[in-house]
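Text of query-v2.cif (mmCIF, C-alpha atoms) as supplied:
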data_run
#
loop_
_atom_site.label_atom_id
_atom_site.label_comp_id
_atom_site.auth_asym_id
_atom_site.auth_seq_id
_atom_site.Cartn_x
_atom_site.Cartn_y
_atom_site.Cartn_z
CA MET A 1 -35.50 1.30 61.18
CA THR A 2 -31.70 1.30 61.77
CA LEU A 3 -31.52 -2.30 60.58
CA LYS A 4 -33.44 -1.41 57.41
CA LEU A 5 -31.09 1.50 56.69
CA SER A 6 -27.90 -0.51 57.21
CA ASN A 7 -29.32 -3.23 54.94
CA GLN A 8 -29.84 -0.65 52.23
CA LYS A 9 -26.31 0.66 52.77
CA ALA A 10 -24.88 -2.81 52.44
CA GLN A 11 -26.87 -3.44 49.27
CA ILE A 12 -25.61 -0.23 47.69
CA PHE A 13 -22.05 -1.01 48.78
CA ILE A 14 -22.22 -4.49 47.25
CA LEU A 15 -23.78 -3.13 44.08
CA ASP A 16 -21.03 -0.54 43.90
CA LEU A 17 -18.38 -3.21 44.35
CA LEU A 18 -19.98 -5.47 41.77
CA LEU A 19 -20.17 -2.64 39.25
CA ALA A 20 -16.55 -1.66 39.86
CA PHE A 21 -15.48 -5.33 39.56
CA PHE A 22 -17.50 -5.77 36.36
CA PHE A 23 -15.97 -2.71 34.75
CA CYS A 24 -12.49 -3.70 35.85
CA LEU A 25 -12.99 -7.02 34.08
CA LEU A 26 -14.36 -5.24 31.02
CA LEU A 27 -11.36 -2.95 31.01
CA LEU A 28 -8.94 -5.88 31.26
CA TYR A 29 -10.78 -7.68 28.45
CA LEU A 30 -10.66 -4.62 26.19
CA GLU A 31 -7.04 -3.90 27.10
CA TYR A 32 -6.14 -7.44 26.11
CA PHE A 33 -7.64 -6.91 22.66
CA ILE A 34 -6.12 -3.47 22.31
CA ILE A 35 -2.66 -4.74 23.25
CA SER A 36 -2.87 -7.77 20.96
CA ASP A 37 -4.18 -5.57 18.13
CA HIS A 38 -1.41 -3.10 18.80
CA LEU A 39 1.19 -5.87 18.49
CA ILE A 40 -0.38 -7.10 15.26
CA SER A 41 -0.63 -3.57 13.87
CA LYS A 42 3.03 -2.98 14.79
CA LYS A 43 3.95 -6.07 12.79
CA ASN A 44 1.73 -4.90 9.93
CA ALA A 45 3.22 -1.41 10.09
CA ALA A 46 6.74 -2.86 9.79
CA PHE A 47 5.57 -4.91 6.80
CA VAL A 48 3.91 -1.87 5.20
CA ILE A 49 7.03 0.29 5.74
CA ASP A 50 9.10 -2.45 4.06
CA GLN A 51 6.71 -2.39 1.11
CA TYR A 52 6.98 1.41 0.86
CA GLU A 53 10.77 1.13 0.87
CA GLN A 54 10.62 -1.47 -1.89
CA LEU A 55 8.37 0.71 -4.05
CA ILE A 56 10.66 3.72 -3.57
CA THR A 57 13.69 1.54 -4.38
CA SER A 58 12.05 0.36 -7.61
CA GLU A 59 11.31 3.99 -8.53
CA LYS A 60 14.92 4.96 -7.82
CA LEU A 61 16.27 2.12 -9.96
CA ILE A 62 14.36 3.19 -13.07
CA SER A 63 14.87 6.94 -12.68
CA ASP A 64 18.49 7.25 -11.47
CA PRO A 65 21.25 6.97 -14.10
CA ASN A 66 23.58 5.52 -11.45
CA TYR A 67 21.40 2.43 -11.51
CA LEU A 68 19.30 1.57 -14.56
CA ALA A 69 18.00 4.79 -16.13
CA LYS A 70 19.35 5.75 -19.52
CA LYS A 71 21.58 8.83 -19.62
CA ASP A 72 22.51 10.99 -22.57
CA LEU A 73 26.27 11.48 -22.24
CA ILE A 74 26.30 14.71 -24.25
CA THR A 75 23.37 16.54 -22.63
CA ASN A 76 23.64 14.71 -19.26
CA ILE A 77 19.87 14.23 -19.26
CA SER A 78 18.61 11.01 -17.72
CA TYR A 79 15.45 9.34 -18.98
CA LYS A 80 12.99 7.75 -16.58
CA ASN A 81 11.60 4.33 -17.51
CA GLN A 82 14.21 3.88 -20.25
CA ILE A 83 16.65 1.21 -19.17
CA THR A 84 20.22 0.43 -20.09
CA PHE A 85 22.31 -2.27 -18.53
CA ASP A 86 25.97 -2.06 -17.82
CA SER A 87 28.01 -4.13 -15.42
CA LYS A 88 29.06 -1.10 -13.36
CA ASN A 89 25.43 -0.18 -12.70
CA ILE A 90 24.59 -3.73 -11.69
CA GLU A 91 27.46 -3.60 -9.18
CA ASN A 92 26.09 -0.26 -7.91
CA ILE A 93 22.68 -1.86 -7.35
CA LYS A 94 24.21 -4.80 -5.50
CA LEU A 95 26.16 -2.46 -3.23
CA SER A 96 23.42 0.11 -2.60
CA PHE A 97 20.51 -2.31 -2.21
CA PRO A 98 21.66 -5.56 -0.61
CA SER A 99 18.02 -6.61 -0.15
CA ILE A 100 17.63 -6.94 -3.94
CA CYS A 101 18.45 -10.53 -4.76
CA TYR A 102 16.76 -10.91 -8.11
CA LEU A 103 16.58 -8.63 -11.12
CA SER A 104 15.34 -9.50 -14.56
CA ILE A 105 14.37 -7.55 -17.64
CA CYS A 106 12.43 -9.14 -20.49
CA GLU A 107 13.03 -12.47 -18.70
CA ILE A 108 16.82 -11.99 -18.88
CA LYS A 109 18.21 -12.44 -15.40
CA LYS A 110 20.76 -9.87 -14.34
CA ILE A 111 20.96 -10.59 -10.60
CA ASN A 112 20.08 -13.95 -9.11
CA LYS A 113 21.45 -14.59 -5.63
CA ASN A 114 19.57 -17.88 -5.16
CA LYS A 115 17.94 -16.76 -1.93
CA ASP A 116 14.32 -16.95 -0.83
CA ILE A 117 12.51 -14.07 -2.51
CA THR A 118 9.88 -12.46 -0.28
CA GLN A 119 8.43 -10.01 -2.79
CA ILE A 120 8.69 -9.39 -6.54
CA LEU A 121 7.83 -5.94 -7.86
CA LYS A 122 7.02 -5.43 -11.51
CA ARG A 123 7.69 -2.18 -13.33
CA GLY A 124 7.01 -1.26 -16.92
CA VAL A 125 10.04 0.06 -18.81
CA THR A 126 11.44 0.34 -22.32
CA PHE A 127 14.53 -1.65 -23.15
CA GLU A 128 16.10 -1.72 -26.63
CA ASN A 129 13.08 0.15 -28.00
CA LYS A 130 10.43 -2.29 -26.80
CA PHE A 131 8.18 -2.58 -23.75
CA CYS A 132 9.57 -4.82 -21.04
CA VAL A 133 8.68 -5.83 -17.53
CA LEU A 134 11.43 -5.19 -15.02
CA GLU A 135 11.15 -7.66 -12.15
CA ILE A 136 12.80 -6.73 -8.88
CA GLY A 137 12.97 -9.46 -6.27
CA PHE A 138 13.53 -8.59 -2.61
CA CYS A 139 14.89 -10.92 0.06
CA GLU A 140 14.88 -10.53 3.81
CA LYS A 141 17.43 -8.02 5.10
CA MET B 142 -25.65 11.24 50.89
CA LYS B 143 -22.64 8.90 51.13
CA ASN B 144 -24.53 6.24 49.13
CA LYS B 145 -25.17 8.68 46.32
CA LYS B 146 -21.43 9.48 46.23
CA GLY B 147 -20.71 5.77 45.68
CA PHE B 148 -23.04 5.66 42.69
CA VAL B 149 -21.61 8.84 41.25
CA PHE B 150 -18.11 7.37 41.58
CA SER B 151 -19.16 4.20 39.70
CA LEU B 152 -20.77 6.22 36.92
CA ASP B 153 -17.66 8.36 36.64
CA LEU B 154 -15.53 5.25 36.39
CA ILE B 155 -17.77 3.77 33.70
CA LEU B 156 -17.65 6.93 31.65
CA ALA B 157 -13.89 7.34 32.02
CA ILE B 158 -13.20 3.74 31.05
CA THR B 159 -15.56 3.82 28.08
CA ILE B 160 -14.15 7.03 26.65
CA PHE B 161 -10.56 5.92 27.24
CA THR B 162 -11.00 2.57 25.50
CA LEU B 163 -12.97 4.06 22.62
CA LEU B 164 -10.22 6.60 22.01
CA ILE B 165 -7.54 3.92 21.99
CA ILE B 166 -9.55 1.65 19.69
CA LEU B 167 -10.22 4.49 17.24
CA PHE B 168 -6.57 5.54 17.29
CA TYR B 169 -5.16 2.11 16.46
CA PHE B 170 -7.76 0.91 13.98
CA GLY B 171 -7.90 4.18 12.06
CA GLU B 172 -4.17 4.42 11.59
CA ASN B 173 -3.61 0.94 10.22
CA LYS B 174 -6.23 0.95 7.51
CA ASN B 175 -4.96 4.08 5.77
CA TYR B 176 -1.41 2.75 5.44
CA GLU B 177 -2.49 -0.30 3.46
CA GLU B 178 -4.88 1.62 1.22
CA ASP B 179 -2.21 4.22 0.50
CA LEU B 180 0.26 1.48 -0.32
CA ILE B 181 -2.08 -0.09 -2.88
CA LEU B 182 -2.76 3.31 -4.39
CA LEU B 183 0.95 4.13 -4.62
CA ASP B 184 1.65 0.82 -6.34
CA ILE B 185 -1.17 1.45 -8.85
CA THR B 186 -0.03 5.05 -9.44
CA LEU B 187 3.57 4.02 -10.19
CA LYS B 188 2.49 1.26 -12.57
CA THR B 189 -0.01 3.40 -14.47
CA ASN B 190 2.69 6.06 -14.81
CA ASP B 191 4.96 3.34 -16.25
CA LEU B 192 2.29 2.37 -18.78
CA LEU B 193 1.62 5.96 -19.83
CA LEU B 194 5.30 6.92 -20.07
CA THR B 195 6.28 3.84 -22.05
CA ALA B 196 3.26 4.36 -24.31
CA GLN B 197 4.52 7.87 -25.04
CA ILE B 198 8.14 6.76 -25.56
CA LEU B 199 7.14 3.95 -27.91
CA GLU B 200 4.34 6.05 -29.46
CA ILE B 201 1.73 3.36 -28.87
CA ASP B 202 -1.53 4.23 -30.59
CA GLN B 203 -3.08 0.77 -30.84
CA ILE B 204 -5.23 -0.35 -27.96
CA VAL B 205 -4.26 -4.02 -28.43
CA VAL B 206 -0.61 -3.22 -27.73
CA LEU B 207 -1.49 -1.16 -24.65
CA LYS B 208 -3.80 -3.94 -23.42
CA LYS B 209 -0.95 -6.48 -23.70
CA ASN B 210 1.30 -4.18 -21.62
CA TYR B 211 -1.53 -3.65 -19.08
CA GLN B 212 -1.96 -7.41 -18.66
CA GLU B 213 1.73 -7.81 -17.90
CA LEU B 214 1.62 -5.25 -15.07
CA PHE B 215 -1.95 -5.51 -13.75
CA SER B 216 -2.89 -9.16 -13.98
CA ASN B 217 -5.04 -8.92 -10.81
CA TYR B 218 -6.96 -5.72 -11.53
CA ASP B 219 -10.00 -4.84 -13.60
CA GLY B 220 -9.93 -1.63 -15.55
CA TYR B 221 -10.31 0.11 -18.86
CA LEU B 222 -8.05 1.63 -21.49
CA LYS B 223 -8.78 4.50 -23.79
CA ILE B 224 -6.72 5.74 -26.74
CA ASN B 225 -8.42 8.71 -28.43
CA ASN B 226 -11.84 7.22 -29.33
CA GLN B 227 -11.03 3.54 -28.79
CA ILE B 228 -12.03 2.00 -25.45
CA THR B 229 -11.46 -1.48 -24.11
CA ILE B 230 -12.65 -2.90 -20.80
CA ILE B 231 -10.49 -5.44 -18.99
CA ASN B 232 -11.96 -7.99 -16.60
CA ASN B 233 -9.26 -9.91 -14.80
CA THR B 234 -11.11 -10.69 -11.57
CA GLU B 235 -14.52 -12.05 -10.58
CA TYR B 236 -15.19 -9.41 -7.94
CA GLN B 237 -16.25 -5.86 -8.69
CA LYS B 238 -14.30 -3.24 -6.74
CA ASN B 239 -15.73 0.18 -6.02
CA ASN B 240 -12.75 2.54 -6.09
CA LEU B 241 -11.56 3.78 -9.45
CA PHE B 242 -8.14 5.29 -10.12
CA ILE B 243 -7.77 7.23 -13.38
CA ASN B 244 -4.59 8.54 -14.95
CA SER B 245 -4.13 10.05 -18.39
CA ILE B 246 -1.59 11.58 -20.76
CA LYS B 247 -1.79 13.67 -23.91
CA TYR B 248 1.12 14.01 -26.31
CA ILE B 249 1.94 14.74 -29.92
CA ASN B 250 3.62 11.88 -31.78
CA SER B 251 6.24 12.08 -34.53
CA SER B 252 3.49 12.22 -37.20
CA ASN B 253 2.13 15.37 -35.52
CA ASN B 254 -1.02 13.63 -34.29
CA GLU B 255 -2.40 14.30 -30.83
CA ILE B 256 -2.72 11.11 -28.81
CA TYR B 257 -4.81 10.92 -25.63
CA ILE B 258 -4.39 7.86 -23.43
CA GLU B 259 -6.46 7.17 -20.32
CA ILE B 260 -6.10 4.25 -17.92
CA GLY B 261 -8.72 3.43 -15.28
CA ILE B 262 -8.13 0.84 -12.59
CA TYR B 263 -10.63 -0.57 -10.09
CA TYR B 264 -9.12 -1.33 -6.69
#
Would you write the structure of this file as structure tokens?
Amino acid sequence: MTLKLSNQKAQIFILDLLLAFFFCLLLLYLEYFIISDHLISKKNAAFVIDQYEQLITSEKLISDPNYLAKKDLITNISYKNQITFDSKNIENIKLSFPSICYLSICEIKKINKNKDITQILKRGVTFENKFCVLEIGFCEK
Amino acid sequence: MKNKKGFVFSLDLILAITIFTLLIILFYFGENKNYEEDLILLDITLKTNDLLLTAQILEIDQIVVLKKNYQELFSNYDGYLKINNQITIINNTEYQKNNLFINSIKYINSSNNEIYIEIGIYY
């Protein structure tokens, strides 16, 4: 009777150990995936944040008169999506946004740093009373 | 009695581990997906705004002209354009996408005519 009981105890103990071991392995396996996914998602998140920054930069370029937006000198009103080019503004863009290495409007290149462009954003604007595509090329920081 | 405690401990462990991992998985996967969708939507919103604003500035009332501008900005998206009663559907891709983004503008041009422009984009 005592032998039978201790056998049962041993069986339960082994089963307990096996279960604990199995779930430890499962945990390690899942943790591995979670950690690797986390690293990938961190990379993706950095990429996505970069893309957000680029979109906001493009919006700033076409709506701020210090960059490309047209400004009425008498009323001081600036017009979004209406572009004027002047050399001072181009210099402002170069200084404020060093990651911009390519800028063209209606296929006329205004900035071309001859670097590897990682992303080109297209925006629709009016230039000299016609529709034009403004291309903004970003390079690595 | 002691044996039962061992089983209860294992079950507790299983439950704790399962819930813990599920929570972590949900947290990471959920967060990532939204960022990318929002980014696409922001890009589409900005470009449709560009199309609508430039259409108003240049007083575009011909759908052919608006379609040409659309193709220059959205070469990879299907969609449709509407100016007052004229509608044109644009098929740039082979695959049908389910989400539709719509943006519109109404303005009065220099000839005192009311112009309504609507742009729909599948993404």
Q.
When the PyMOL selection byres ((chain A) within 10 of (chain B)) is applied to the structure above, which residues does it catch, written out as a ChimeraX atom specification?
A. /A:8-13,15-20,22-24,26-27,30-31,33-35,37-38,41-42,44-45,47-49,51-52,55-56,58-59,62,80-82,121-127,129-134
Q: List every protein, DNA or RNA residue with an atom no more than 7 Å from (5.1, 12.3, -21.8) in the file's coordinates, counting all atoms listed in the file, and format the result as an NGL selection string.
A: :B and (194 or 197 or 246 or 248)
Q) Applied to this file, what does the PyMOL selection byres ((chain A and resi 90) around 10) return in terms of residues, put as a VMD selection string? A) chain A and resid 66 to 68 85 to 89 91 to 96 103 110 to 111
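Atom pair CA of Ser63 in chain A / CA of Glu128 in chain A has a distance of 16.5 Å (rounded to one decimal).
CA of Glu178 in chain B sits 16.8 Å away from CA of Gln237 in chain B.
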Q: Run the PyMOL selection byres ((chain B and resi 241) around 12) on the file and write out the hits as a list in words.
A: Leu182, Ile185, Thr186, Tyr218, Asp219, Gly220, Tyr221, Gln237, Lys238, Asn239, Asn240, Phe242, Ile243, Asn244, Ile260, Gly261, Ile262, Tyr263 and Tyr264 of chain B
(Q) With all atoms listed in the file as the counted atoms, please give the residues lying no more than 8 Å from Cys139 in chain A, apart from itself and same-chain residues fewer than 3 positions off, as an MDAnalysis selection string. (A) chainID A and resid 99:101 115:119
Q: Record the distance separating CA of Ile83 in chain A and CA of Ile105 in chain A, expressed in Å with one decimal.
A: 9.2 Å
